[in-house]
Amino acid sequence: MYSKSVNWKRNKQATVLLFLFFICAGLEIIAEYFENNKAIWLTKPLLIPLLTAYYIKRSKKTNWLFVFALFFGWIANVLFINTRIESILFGVLFFISYRIVIIYIIVRKVKMPNLIPLILAIIPFVFIYASVTIFTYSTLKDSVYLFLAQGIFTIFLGAFSLGNYILVPSKQNSIFLISTLLMTFCQFLFLLKFYYENDSILQALAMVLFVLGQFLLTQYMFHLEKHKSKIHLIKNLIEV
């Protein structure tokens, strides 16, 4: 009875945190569209902390590596608010760190797809990322190599999620795939901002994709927890 009461309280708190996350995200997206820097500074730094708090409250067994990855993502997000190229480059470095930790978590918990599905899945991601990089090369110049390094991890994660979905088209893998696609296109829009002068619409759209992609990735982490719990349950039943 006590356990149920605690779980109900934690779920209620998690729901409130998720509601605040989407409210804050909506305000931030509007601020991006109208280029209101004060509102952006008030809302954007709160997004990842709210999502992290929601994850910790909702999770039955918190993956602290995922929380660590979110911390890197939070630093990157804050750095991206500043439009100076130095701040953006440091933001990219932290976002690469975020990607590396996420890939490490996924590769540890999910079986790598076979070589053929993985190669087939890589092709569209390489084509799109290369096309966007070519468009923005004249603006980025030498900084393009840092964005290409980020692209390697983006392409791998995209190919990994698509390859897994091709092999096993489950709900869990579809959430992972959609999350990865949203985050990938968010990065494409981020690069395109350097090519187009009027980028407020692109920035607002990029934030929509980021918010949804990050939320779905968090949901995918819950599915991984359930899957792991089922494996432990089966092992215990076999031992009995």
# chains A, B, ... in the order shown; residues from 1 in each chain; ligands from 1

call {"tool": "residues_around", "arguments": {"residues": "Leu205 of chain A", "least_positions_apart": "5", "cutoff": "12 Å", "atoms": "only C-alpha atoms", "output": "list of chain:residue names"}}
result
A:Ala25, A:Gly26, A:Glu28, A:Ile29, A:Ile30, A:Ala31, A:Glu32, A:Tyr33, A:Leu182, A:Met183, A:Phe185, A:Cys186, A:Gln187, A:Phe188, A:Leu189, A:Phe190, A:Leu192, A:Lys193, A:Asp199, A:Ser200, A:Phe210, A:Val211, A:Leu212

call {"tool": "closest_atom_pairs", "arguments": {"of": "segment 152-230 of chain A", "to": "segment 91-102 of chain A", "cutoff": "10 Å", "atoms": "only C-alpha atoms", "output": "JSON lines"}}
result
{"residue": "A:Ile152", "atom": "CA", "partner": "A:Ile96", "partner_atom": "CA", "distance": 9.6}
{"residue": "A:Phe153", "atom": "CA", "partner": "A:Arg99", "partner_atom": "CA", "distance": 6.5}
{"residue": "A:Thr154", "atom": "CA", "partner": "A:Arg99", "partner_atom": "CA", "distance": 7.4}
{"residue": "A:Leu157", "atom": "CA", "partner": "A:Arg99", "partner_atom": "CA", "distance": 8.4}
{"residue": "A:Leu217", "atom": "CA", "partner": "A:Ile102", "partner_atom": "CA", "distance": 9.6}

call {"tool": "write_last_selection", "arguments": {"atoms": "N, CA and C atoms", "output": "PDB file, in the first residue's frame"}}
result
ATOM      1  N   ILE A 152      29.458  12.538 -38.182  1.00  0.00           N
ATOM      2  CA  ILE A 152      29.802  11.113 -38.132  1.00  0.00           C
ATOM      3  C   ILE A 152      28.959  10.400 -37.076  1.00  0.00           C
ATOM      4  N   PHE A 153      28.864  11.013 -35.896  1.00  0.00           N
ATOM      5  CA  PHE A 153      28.079  10.410 -34.809  1.00  0.00           C
ATOM      6  C   PHE A 153      26.579  10.471 -35.111  1.00  0.00           C
ATOM      7  N   THR A 154      26.145  11.569 -35.750  1.00  0.00           N
ATOM      8  CA  THR A 154      24.734  11.699 -36.131  1.00  0.00           C
ATOM      9  C   THR A 154      24.360  10.628 -37.139  1.00  0.00           C
ATOM     10  N   LEU A 157      24.277   7.089 -35.459  1.00  0.00           N
ATOM     11  CA  LEU A 157      23.085   6.885 -34.632  1.00  0.00           C
ATOM     12  C   LEU A 157      21.838   6.736 -35.503  1.00  0.00           C
ATOM     13  N   LEU A 217      13.338  10.342 -27.089  1.00  0.00           N
ATOM     14  CA  LEU A 217      14.518   9.602 -26.633  1.00  0.00           C
ATOM     15  C   LEU A 217      14.363   9.212 -25.163  1.00  0.00           C
TER      16      LEU A 217
END

call {"tool": "residues_around", "arguments": {"residues": "Ile88 of chain A", "least_positions_apart": "6", "cutoff": "12 Å", "atoms": "only C-alpha atoms", "output": "list in words"}}
result
Ile75, Ala76, Asn77, Val78, Leu79, Phe80, Ile81, Asn82, Phe94, Phe95, Leu140, Ser143, Leu146, Phe147, Phe190, Leu191 and Phe194 of chain A

call {"tool": "write_last_selection", "arguments": {"atoms": "C-alpha atoms", "output": "compact mmCIF listing (two decimals), in the first residue's frame"}}
result
# COMPACT_ATOMS: atom_id res chain seq x y z
CA ILE A 75 25.57 22.94 -21.72
CA ALA A 76 25.45 22.78 -25.53
CA ASN A 77 21.95 24.30 -25.55
CA VAL A 78 23.02 27.20 -23.34
CA LEU A 79 26.11 27.85 -25.48
CA PHE A 80 24.00 27.84 -28.65
CA ILE A 81 21.99 30.81 -27.34
CA ASN A 82 25.02 33.02 -27.94
CA PHE A 94 29.57 19.49 -25.92
CA PHE A 95 26.86 18.20 -28.28
CA LEU A 140 31.58 27.73 -42.03
CA SER A 143 34.83 25.19 -38.78
CA LEU A 146 34.00 20.15 -36.44
CA PHE A 147 30.48 19.93 -37.84
CA PHE A 190 21.00 24.27 -37.43
CA LEU A 191 23.53 24.13 -40.29
CA PHE A 194 24.38 29.70 -41.59

call {"tool": "atom_distance", "arguments": {"atom1": "atom CA of Ile48 of chain A", "atom2": "atom CA of Tyr220 of chain A"}}
result
16.2 Å

call {"tool": "atom_distance", "arguments": {"atom1": "atom CA of Phe71 of chain A", "atom2": "atom CA of Tyr55 of chain A"}}
result
12.8 Å

call {"tool": "closest_residue", "arguments": {"among": "A:Ile40, A:Ile106, A:Leu148, A:Pro117", "to": "Val132 of chain A", "atoms": "only C-alpha atoms"}}
result
A:Leu148

call {"tool": "select_by_dssp", "arguments": {"residues": "segment 18-117 of chain A", "states": "helix (DSSP H, G or I)", "output": "number ranges by chain"}}
result
A: 18-33, 37-58, 64-81, 85-109, 115-117

call {"tool": "closest_residue", "arguments": {"among": "A:Ile23, A:Met112, A:Leu224, A:Leu209", "to": "Lys171 of chain A", "atoms": "only C-alpha atoms"}}
result
A:Leu224
